[in-house]
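Asker: This structure is in structure tokens; I'll ask about it shortly.
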Amino acid sequence: MNHLDPHRHVRGESQYLDDVPEQQGTLFAAVYESPVAHGVLKGLDLSAARRAPGVARILTAQDVPGRNQIGGIVPDEPLLAEGHVHFRGQPVALVLARTERQAHAALRLIQADIELLPVITDPRKAAALGEFIVPPRTFRIGDSTGAFAGCAHVFEGVAESGGQEHLYIETQGAYAFPTELGGVRIISSTQGPTAVQRHCAVVLGLGMHQVEVDVTRLGGGFGGKEDQATPWGCLAALGAYLTRKPVKLVLDRMADMRMTGKRHPYSSDFKIGLDADLKIVAYEVQYYQNAGAAADLSPAVLERTLFHTTNAYHIPNVTATAHSCRTNLPPNTAFRGFGGPQGMFVMESAIVRAAEALGVAPAEIQRRNLLREGDLFPYRQPAELCHAEQAWDVAAERFDLPGLRAEVEAFNAANKLFKKGLSVMPICFGISFTKTFMNQAHALVHIYTDGSVGISTAAVEMGQGVNTKIAQVAARTLGISIHRVKIESTNTTRVANTSPSAASATADLNGQATLLACQRLRERLLRLAGAEYTVDYEGIEIKDEQVLAAGIPAETTWEKLVLLAYVRRVSLSENAHYATPGVHFDASTESGHPFAYHVYGTALTTATVDCLRGTYTIDAVRIAHDFGQSFSPAIDQGQIEGGVVQGIGWMTLEEVSYNQEGRLLSNSLNSYKIPDLYSVPAVLDVHFLDTPGHPRAVLRSKAVGEPPLMYGIGAYFALRNAIRAFRPGAALPLVAPMTPERVLGGLYPEAVAEPAGVAVG
Amino acid sequence: MISFYLNDQPVHTTEPAPSPLLDFVRYHEHLTGTKIGCREGDCGACTVLVGELTPDGERVQYQSMTSCLTPLGNCHGKHVVTVEGINRAGGQLTPVQQAIVDSHGAQCGFCTVGFVMSLTGHSLGDKPATAASTCAAIDGNICRCTGYKSLERAAEKLTAALAARPATGALGWLTERHYVPAYFAQMPTYLAALRTETAATKATAADSTGHAPTPTDSATVTTPPSGHAQNQNGTRSANQPFSHALLGGGTDLLVQQLDALREQPVRLLFDESGRRGVRQGAGGRVVLGAGTTATQLLESSLLRELLPALPQYLKLVSSTPIRNMGTVAGNFINASPIGDLTILFLALGADITLADPTGATRVLPLSELYLGYKKLDKEPHEQLTEISFPAPLPGDLFHFEKVSKRTHLDIASVNTACWLRFENGTIGAARLSAGGVGPVPLLLRRTSAYLLGRELSADTLAGANEVMQAEISPISDVRGTAAYKRLLLRQLLWAHFAQFGAAAEMVL
């Protein structure tokens with residue numbers, strides 16, 4: 001949000017894609033999608049649809065003037081299906097009609113002749129058939145095989161986590177306009193304007209300079225509009241390019257759910273070895289990532305799983321192998337945490353499995369294995385300015401972990417029909433794009449002659465508050481009121497070659513670039529003031545719009561100084577580039593220093609299970625979090641609260657389910673449930689740890705977007721803890737989400753012939 | 001012609017009556033503050049207020065509704081309020097808006113207007129604002145960004161501010177404080193004038209909807225392959241006065257068959273006179289008009305007296321805006337195997353009255369309405385007009401249970417209701433109903449019969465479960481596997497009896 005956005009939001013004045021006033025002559029697009037998950041596309045009968053009222057044109061792969069290819073990492077994804085269909089919901093044709101209803105009505109008249117091929121939905125089946133998106137990767141440190149031999153305790157198991165629908169409340173969409181130079185201008189609901197621009201240029205066979213992408217704000221993204229806004233931008237652009245008319249494409253909710261990818265489900269095998277003192281000596285893990293039918297961002301998501309294999313723990317001997325498995329589901333994609341949560345879930349599962357077998361609290365193992373200063377991650381970056389133990393200890397003390405434990409035990413001793421459970425969830429999350437080259441950003445800052453300031457960056461506002469943070473950075477640096485600062489829309493002609501707003505790094509990268517630009521402008525203005533008013537440059541500053549020389553108000557103010565600069569022909573614009581220093585990674589050795597810094601924290605979660613009905617409440621989540629030196633505490637707290645609840649949703653009631661034919665069963669808001677007001681914890685305390693921040697975090701305020709999601713994993717283990725209070729010693733599967741069905745199955749295993757639940761698909 | 005007030009302006013439109021209010025507001029009137037999230041009443045982003053003149057003509061009563069499921073025709077004669085209709089001049093904020101801003105309750109902002117409207121509706125309500133009632137007002141609003149805690153804090157601020165709202169003259173207090181603009185005070189007069197104005201038109205119109213019947217017979221409601229839709233009217237036949245599709249609150253039909261409904265004449269039932277409300281009938285029976293909404297059940301002092309736990313049951317049924325729209329008869333006729341109200345009324349022993357166009361009526365036990373999946377013992381031209389059930393006697397036991405993936409605003413995996421009457425320490429009469437465990441909402445007759453003459457004991461429960469398991473036939477679907485539903489219904493049977501006093505040992 002911009003600092004003024006909340007005012008516009010509550011008044012309904014903020015403009016989203018579908019609110020852009022429609023231009024006369026606009027054609028409305030609807031996507032004809034593959035009705036089956038895998039097959040040979042032998043023919044397409046468009047004749048009846050072409051004759052339908054209002055239909056202007058129907059586009060297929062044959063109409064693509066450039067290359068029919070939108071794969072970001074691997075070129076394996078056609079914009080419109082050609083030859084084969086690989087998932088149910090894959091775009092096959094685009095209907096353009098004079099009204100939206102006419103476009104949708106025409107979809108029903110299209111017939112596809114498809115010869116069915118076998119459908120794979122299970123990543124392990126895909127792996128057995130050698131269906132990999134990219135070759136498997138292994139992170140290795142120490143010698144895990146050798147180390148297991150010396151371990152006092154070794155445990156193995158399987159852990160599975162499910163998918164997650166992004167459920168941004170604003171669905172995907174784009175509105176494209178032909179430009180007079182034969183190019184297109186696209187208003188897109190995307191986290192990655194440059195990705196839309198680049199792929200549109202490829203699809204249309206144009207230079208990137210012929211494609212302009214503009215983004216004002218998103219009604220939520222969460223990773224779902226990082227790469228997966230691209231198809232809709234390209235389809236609208238294709239329509240506008242070919243018809244020379246504006247084309248608007250907005251997915252309805254069910255189409256959005258059917259056609260777009262989600263958080264990757266993982267199925268994993270783990271092996272953990274501990275010594276007699278419960279120090280984790282060795283850990284081996286094989287991840288099977290369900291990538292879906294095309295690469296999308298899966299290889300990068302897979303990489304981050306490997307980076308977060310050991311969560312907040314130091315383990316000297318680790319072998320972690322990750323397989324990206326091709327299945328006939330929509331390509332799965334980025335989602336807050338980006339593979340990190342999936343890796344951490346397996347790590348926590350391994351610890352809990354060990355703790356249950358040894359009859360100790362998982363916290364006993366967790367606490368004594370936390371990272372310390374200088375410990376090496378499996379990719380050989382040392383933990384620097386490490387706050388893992390501090391976060392744990394502060395949380396335990398401030399929120400009285402022993403007291404909470406005693407309360408849970410007393411409750412469970414006194415109650416038969418309800419049981420409580422407790423978990424501790426430490427997190428450690430690396431900040432930076434793991435692809436080093438993406439860690440760069442530009443800021444274009446204009447000071448206008450009246451002293452107002454306009455800033456363009458690569459940052460896309462989607463509710464995370466990045467525009468407010470950028471405005472704060474500028475106002476602080478220039479010494480002016482934030483009300484003078486406007487953050488412009490994100491536009492590829494003003495700021496080029498951008499990285500997507502992702503990886504929690506948007507405020508850091510774009511904030512640092514803004515800081516640099518504003519510092520240069522300030523220096524220029526102060527040098528002018530020094531010369532003009534013959535005061536010593538060293539002592540001059542601008543504070544609250546007043547120019548101070550050695551702390552004493554000078555003869556000029558912000559407004560006067562700015563106007564003077566213009567008159568003296570001093571540039572009032574600055575374009576700064578920031579590249580995170582010191583980050584590097586060598587994929588040939590799987591080692592390096594990929595992250596600018598890490599974020600730490602610990603959550604204590606308590607939950608109550610209704611042992612008659614299998615229903616539950618997550619009662620309280622109490623968090624000590626490492627924000628560094630937050631300069632937007634309200635925004636940062638909002639990110640923690642929202643992230644935790646999203647993580648709890650992923651671990652509890654959000655269940656993406658496909659059938660064997662690759663058809664999405666959880667295909668609407670009535671069958672896919674995200675947390676509502678009543679399902680969030682009654683207590684959600686966030687304590688700001690006293691940490692110095694990191695010099696590479698903007699103004700030492702650490703990135704906050706993704707890390708809190710992983711606190712939600714604590715909800716899963718608190719529920720498991722409560723089920724075992726009802727059924728001591730139960731061997732429960734390590735399968736998430738913990739739906740009421742899985743809870744009841746865990747409480748009454750004898751009553752359900754097979755393990756309850758839908759297989760991870 | 002459909003006539004109503006949209007914010008401070010009168011509107012007259014010939015758009016089809018079943019068209020969603022949402023589309024009218026956004027695409028005809030270009031009021032884009034109201035957002036589209038799901039188009040099935042499950043997110044609340046499109047929440048607006050719909051105000052209706054009280055019978056005495058003195059006041060307008062506002063309710064929150066999801067405009068995606070509000071048939072335009074149901075707005076006839078009413079006051080529809082979008083965010084543009086409450087915004088203050090000069091960019092200043094209403095207290096509701098200010099509370100959300102101050103609490104940082106808006107992140108991406110896309111759901112925010114829905115929260116603003118729900119809370120504004122709550123401010124306009126006539127019941128005291130408590131922490132629980134303010135939160136209940138936003139129980140139909142989904143937010144993906146905030147985790148709701150900041151919105152809870154906004155709700156707290158609002159509850160505190162509303163503590164000073166007077167019981168009488170509340171509107172004046174609210175307009176002075178800019179909760180709503182001053183024109184709200186004129187709305188009773190405006191709506192009364194509109195009523196007079198349109199009464200003349202209505203008297204001459206052949207079609208009570210105000211929507212001109214289309215001459216073609218080809219447009220009929222069809223059942224899509226999903227099988228979820230149901231032609232409420234059976235097969236449509238030409239020249240039948242009741243052959244028009246019947247449309248009530250719209251909460252099921254606008255999700256299932258909007259496109260088909262838009263193409264044909266419909267008969268709107270939501271505001272049909274004399275079809276709303278709960279009253280004491282003859283012979284110890286309670287009588288409901290078919291158009292009674294779930295909210296009106298909740299507000300009926302008679303029902304709350306007979307079924308003191310009704311508020312807690314209805315809290316499990318959809319959300320505030322949907323309860324304001326959905327009717328009891330609609331729930332019955334939709335014939336969903338897991339219709340919450342259907343399950344509740346099956347155990348209450350409800351009868352339904354079906355009327356044909358000649359005015360002839362027949363009475364049918366609700367349990368006999370269902371012949372098979374979405375198949376009803378109801379002629380196409382028949383309309384459900386009334387529902388009645390024997391009032392439970394003091395000492396009777398009644399309980400409703402529902403489990404869904406998400407406790408609130410969700411469709412049940414399994415739901416069940418149970419009514420028992422004890423005579424001399426044994427069960428003298430019993431009705432047990434269950435949903436989600438067969439093709440239709442079930443009255444479990446054999447299980448109910450099994451209970452007769454037995455004491456409340458572990459053996460009785462075990463025996464009843466055995467009979468019950470043979471009486472149900474759940475299937476695996478997105479709401480759970482068949483095995484889960486069997487286990488869950490057993491547990492909910494235990495839960496009924498735990499509620500009726502069975503010791504924990506008996507049910508574990």
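Letters for chains follow the order of the structure tokens (A, B, ...), residue numbers begin at 1 for each chain, and ligand numbers begin at 1 in the order shown.
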Can you tell me which residues surround A:Gly39 at a distance of at most 7 Å, considering only C-alpha atoms, apart from same-chain residues fewer than 4 positions away, and format the answer as a PyMOL selection string?
Answerer: chain A and resi 84-86+114-117
Asker: Please check the contacts: residues of chain B at most 7 Å away from chain A, using only C-alpha atoms, listed as JSON, numbers by chain.
Answerer: {"B": [32, 33, 37, 38, 42, 83, 87, 97, 101, 104, 106, 107, 108, 109, 110, 111, 112, 113, 116, 139, 142, 144, 145, 146, 147, 148, 149, 405, 406, 410, 478, 480, 481, 483, 484, 487, 488, 491, 492, 495, 504]}
Asker: Would you pick out the contacts of B:Thr342 at 12 Å or less, using only C-alpha atoms, so that residues sharing its chain but fewer than 6 positions from it are not included, and give the list as a ChimeraX atom specification?
Answerer: /B:294,317,327-336,348-352,365-367,369-370,387,400,415-417,433-436,440-443
Asker: Check stretch 142-223 of chain A with DSSP on the backbone and list each residue it calls helix (DSSP H, G or I), as a list of chain:residue names.
Answerer: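 Everything in stretch 142-223 of chain A that counts as helix (DSSP H, G or I) is A:Ser144, A:Thr145, A:Gly146, A:Ala147, A:Phe148, A:Ala149, A:Pro193, A:Thr194, A:Ala195, A:Val196, A:Gln197, A:Arg198, A:His199, A:Cys200, A:Ala201, A:Val202, A:Val203, A:Leu204, A:Met208, A:His209, A:Gln210.
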Asker: Okay, now the selection with C-alpha atoms, as an mmCIF file, in the first residue's frame?
Answerer:
```
data_model
loop_
_atom_site.group_PDB
_atom_site.id
_atom_site.type_symbol
_atom_site.label_atom_id
_atom_site.label_comp_id
_atom_site.auth_asym_id
_atom_site.auth_seq_id
_atom_site.Cartn_x
_atom_site.Cartn_y
_atom_site.Cartn_z
ATOM 1 C CA SER A 144 25.873 -38.409 6.376
ATOM 2 C CA THR A 145 26.264 -42.074 5.390
ATOM 3 C CA GLY A 146 29.319 -42.473 7.567
ATOM 4 C CA ALA A 147 27.845 -40.424 10.388
ATOM 5 C CA PHE A 148 24.722 -42.602 10.764
ATOM 6 C CA ALA A 149 26.995 -45.504 11.786
ATOM 7 C CA PRO A 193 5.942 -6.741 -15.134
ATOM 8 C CA THR A 194 9.175 -7.522 -16.957
ATOM 9 C CA ALA A 195 8.250 -11.207 -17.234
ATOM 10 C CA VAL A 196 4.984 -10.225 -18.911
ATOM 11 C CA GLN A 197 6.835 -7.797 -21.177
ATOM 12 C CA ARG A 198 9.561 -10.270 -22.143
ATOM 13 C CA HIS A 199 7.173 -13.111 -22.954
ATOM 14 C CA CYS A 200 4.750 -10.865 -24.814
ATOM 15 C CA ALA A 201 7.621 -9.677 -26.971
ATOM 16 C CA VAL A 202 8.573 -13.297 -27.720
ATOM 17 C CA VAL A 203 5.000 -14.312 -28.478
ATOM 18 C CA LEU A 204 4.328 -11.299 -30.707
ATOM 19 C CA MET A 208 10.691 -5.564 -25.762
ATOM 20 C CA HIS A 209 10.625 -1.802 -26.357
ATOM 21 C CA GLN A 210 7.341 -2.306 -28.228
#
```
Asker: Can you pull out every residue from stretch 113-202 of chain A that DSSP, working from the backbone, puts in strand (DSSP E or B), and format the result as a ChimeraX atom specification?
Answerer: /A:113-116,132,137-141,153-161,164,173-178,184-188
Asker: Compare A:Gln629, A:Ser189, A:Ser267, A:Asn369 by their minimum atom-to-atom distance to A:Thr691, counting only C-alpha atoms, and give me the closest one.
Answerer: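 So, comparing all the options, the nearest one is A:Gln629.
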